[in-house]
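Right, one structure below, let's go through it.
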Amino acid sequence: MGHPATLEVNGTSFAMELEAGRTLLSVLRGELGLTGSKEGCDDSECGACMVLIDGQPVNSCSFLALQADERAVTTVEGLAAGSELHPLQRAFLEHGGVQCGFCTPGMLISATALLSADPDPTEDEIRAALSGNLCRCTGYVGIVAAVRSAAEEMARAD
């Protein structure tokens, strides 16, 4: 039996019927076609499925879709402004923070939440904020440099 819900995803409202046990990740990928968030561990360990709920990072593989009813959901697709990449997205490309790309959406979401809360984080704070995201390719050096660079760019823009 479905329950009526309205998901506000990347600024667009979607009225839908949701089964009680459906995860937000499955609805984003299956019904809304937003495949940026990845299903890695399906156990809230890897961070590949990270999205923002009301500005806070959550693992969408363990967050029920009904919990997102009438809350603001931002996926990695919602970071860019049309064809204009978010400063974090550009920095990840420029600093080698992307290799296979599987972890990248979750890293970008976690970094977005960090820079919203702290526009000038230290390297230790960046590493702590990204600690819920696992990367098997980059060794994190490029990722940390990308977040630092984006923070500097965003500070200059303000």
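We label chains A, B, ... in the order they appear in the structure tokens, count residues from 1 in each chain, and number ligands from 1 in the order shown.
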inquiry  = Report as a list in words all protein, DNA and RNA residues lying within 7 Å of region 148-157 of chain A, evaluated on only C-alpha atoms, omitting residues in the same chain fewer than 4 positions from it.
reply    = Pro87, Leu88, Ala91, Leu115, Pro119, Asp120 and Val144 of chain A
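The set of residues in region 3-122 of chain A assigned to strand (DSSP E) by DSSP, using only backbone atoms of this structure, is His3, Pro4, Ala5, Thr6, Leu7, Glu8, Val9, Thr12, Ser13, Phe14, Ala15, Met16, Glu17, Leu18, Glu19, Met50, Val51, Leu52, Ile53, Gln56, Pro57, Val58, Asn59, Ala72, Val73 and Thr74 of chain A.
Among A:Val147, A:Cys61, A:Val9, A:Cys137, the residue with the shortest atom-to-atom distance to Glu77 (chain A), counting only C-alpha atoms, is A:Val9.
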Could you give me, as CSV, a per-residue list for region 54-106 of chain A showing, wherever an atom lies at most 10 Å from an atom of region 24-34 of chain A, the closest pair of atoms and their distance in Å to one decimal, using only C-alpha atoms and sorting by chain then residue number from low to high?
residue,atom,partner,partner_atom,distance
A:Asn59,CA,A:Leu25,CA,8.4
A:Ser60,CA,A:Leu25,CA,4.8
A:Cys61,CA,A:Leu25,CA,5.2
A:Ser62,CA,A:Leu24,CA,7.7
A:Phe63,CA,A:Leu24,CA,5.8
A:Leu64,CA,A:Leu24,CA,5.3
A:Ala65,CA,A:Leu24,CA,4.0
A:Leu66,CA,A:Leu24,CA,7.7
A:Gln67,CA,A:Leu24,CA,8.3
A:Ala68,CA,A:Leu24,CA,7.5
A:Val73,CA,A:Leu24,CA,9.6
A:Thr75,CA,A:Leu34,CA,7.9
A:Val76,CA,A:Leu34,CA,8.8
A:Glu77,CA,A:Leu34,CA,7.3
A:Gly78,CA,A:Leu34,CA,9.8
Those same residues, written as a PDB file, in the first residue's frame with C-alpha atoms?
ATOM      1  CA  ASN A  59      23.096   8.220   3.406  1.00  0.00           C
ATOM      2  CA  SER A  60      20.095   7.790   1.151  1.00  0.00           C
ATOM      3  CA  CYS A  61      20.474   3.986   1.138  1.00  0.00           C
ATOM      4  CA  SER A  62      19.253   3.876   4.732  1.00  0.00           C
ATOM      5  CA  PHE A  63      16.976   6.919   4.718  1.00  0.00           C
ATOM      6  CA  LEU A  64      13.368   6.054   3.975  1.00  0.00           C
ATOM      7  CA  ALA A  65      11.786   7.977   1.127  1.00  0.00           C
ATOM      8  CA  LEU A  66       8.784   8.794   3.317  1.00  0.00           C
ATOM      9  CA  GLN A  67      11.133  10.522   5.784  1.00  0.00           C
ATOM     10  CA  ALA A  68      11.940  12.997   3.006  1.00  0.00           C
ATOM     11  CA  VAL A  73      16.513  16.990  -0.996  1.00  0.00           C
ATOM     12  CA  THR A  75      21.414  15.350  -5.036  1.00  0.00           C
ATOM     13  CA  VAL A  76      24.712  15.748  -6.854  1.00  0.00           C
ATOM     14  CA  GLU A  77      22.696  16.663  -9.957  1.00  0.00           C
ATOM     15  CA  GLY A  78      21.357  19.672  -8.051  1.00  0.00           C
TER      16      GLY A  78
END
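The environment of Ala128 (chain A) within 12 Å, counting only C-alpha atoms and disregarding residues fewer than 2 places along the same chain, consists of Met107, Ser110, Ala111, Leu114, Pro121, Thr122, Glu123, Asp124, Glu125, Ile126, Leu130, Ser131, Gly132, Asn133, Tyr140 and Val144 of chain A.
Taking CA of His86 (chain A) as the reference point, CA of Ala146 (chain A) is found at 12.0 Å.
Using only C-alpha atoms, the shortest contact distance between Gly106 (chain A) and any of A:Leu7, A:Ala81, A:Leu52, A:Leu18 is found at A:Leu52.
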inquiry  = I'd like the neighbourhood of Glu8 (chain A) as a ChimeraX atom specification, where a residue qualifies if any of its atoms comes within 7 Å (using only C-alpha atoms), though same-chain residues fewer than 6 positions away should be ignored.
reply    = /A:14,70-73
Write to file, as an mmCIF file, in the first residue's frame, the residues of the selection just made, with C-alpha atoms.
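Resulting contents of result_33.cif:
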data_model
loop_
_atom_site.group_PDB
_atom_site.id
_atom_site.type_symbol
_atom_site.label_atom_id
_atom_site.label_comp_id
_atom_site.auth_asym_id
_atom_site.auth_seq_id
_atom_site.Cartn_x
_atom_site.Cartn_y
_atom_site.Cartn_z
ATOM 1 C CA PHE A 14 7.260 15.386 -7.084
ATOM 2 C CA GLU A 70 8.120 17.789 2.209
ATOM 3 C CA ARG A 71 11.811 18.217 2.975
ATOM 4 C CA ALA A 72 14.431 19.713 0.651
ATOM 5 C CA VAL A 73 16.513 16.990 -0.996
#
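Of the residues under consideration (A:Asp43, A:Gly142, A:Ala5, A:Thr23), A:Gly142 shows the shortest atom-to-atom contact distance to Gly96 (chain A) when counting only C-alpha atoms.
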remark   = Restricting to only C-alpha atoms, whichever of A:Leu108, A:Asp69, A:Ala129, A:Ser116 is closest to Leu93 (chain A) is A:Leu108
task = Using only C-alpha atoms, find the one residue out of A:Ala20, A:Ala113, A:Ala80, A:Cys103 that sits nearest to Asp54 (chain A).
result = A:Ala113
Backbone DSSP call of alpha helix (DSSP H) for region 14-156 of chain A, listed as a compact mmCIF listing (two decimals) with C-alpha atoms, in the first residue's frame:
# COMPACT_ATOMS: atom_id res chain seq x y z
CA LEU A 24 15.23 7.43 -0.74
CA LEU A 25 18.07 6.11 -2.92
CA SER A 26 15.80 3.64 -4.69
CA VAL A 27 13.19 6.33 -5.39
CA LEU A 28 15.76 8.86 -6.61
CA ARG A 29 17.33 6.35 -8.98
CA GLY A 30 14.24 4.36 -9.96
CA PRO A 87 33.03 25.32 -7.74
CA LEU A 88 33.51 21.97 -5.98
CA GLN A 89 32.76 20.05 -9.16
CA ARG A 90 35.29 22.15 -11.12
CA ALA A 91 37.90 21.77 -8.38
CA PHE A 92 37.50 17.99 -8.27
CA LEU A 93 38.24 17.88 -11.99
CA GLU A 94 41.17 20.30 -11.77
CA THR A 104 32.58 11.44 -6.29
CA PRO A 105 28.86 12.25 -5.85
CA GLY A 106 28.99 11.46 -2.14
CA MET A 107 32.27 13.34 -1.70
CA LEU A 108 30.78 16.39 -3.41
CA ILE A 109 27.68 16.29 -1.22
CA SER A 110 29.72 15.96 1.99
CA ALA A 111 32.04 18.76 0.89
CA THR A 112 29.06 20.97 0.04
CA ALA A 113 27.66 20.49 3.54
CA LEU A 114 31.07 21.23 5.06
CA LEU A 115 31.60 24.46 3.11
CA SER A 116 28.07 25.61 3.92
CA ALA A 117 28.81 25.21 7.63
CA GLU A 123 42.77 20.14 6.22
CA ASP A 124 41.89 18.14 9.33
CA GLU A 125 38.31 19.48 9.23
CA ILE A 126 38.04 18.57 5.53
CA ARG A 127 39.29 15.06 6.23
CA ALA A 128 36.86 14.68 9.16
CA ALA A 129 33.93 15.89 7.04
CA VAL A 141 45.08 13.91 -1.61
CA GLY A 142 43.40 15.32 -4.73
CA ILE A 143 40.01 15.34 -3.03
CA VAL A 144 41.26 17.33 -0.04
CA ALA A 145 43.12 19.74 -2.35
CA ALA A 146 39.94 20.17 -4.40
CA VAL A 147 37.84 21.04 -1.35
CA ARG A 148 40.49 23.51 -0.17
CA SER A 149 40.66 25.11 -3.63
CA ALA A 150 36.88 25.37 -3.92
CA ALA A 151 36.70 26.97 -0.47
CA GLU A 152 39.21 29.61 -1.59
CA GLU A 153 37.34 30.21 -4.87
CA MET A 154 34.01 30.52 -3.09
CA ALA A 155 35.51 32.96 -0.55
CA ARG A 156 36.81 35.17 -3.40
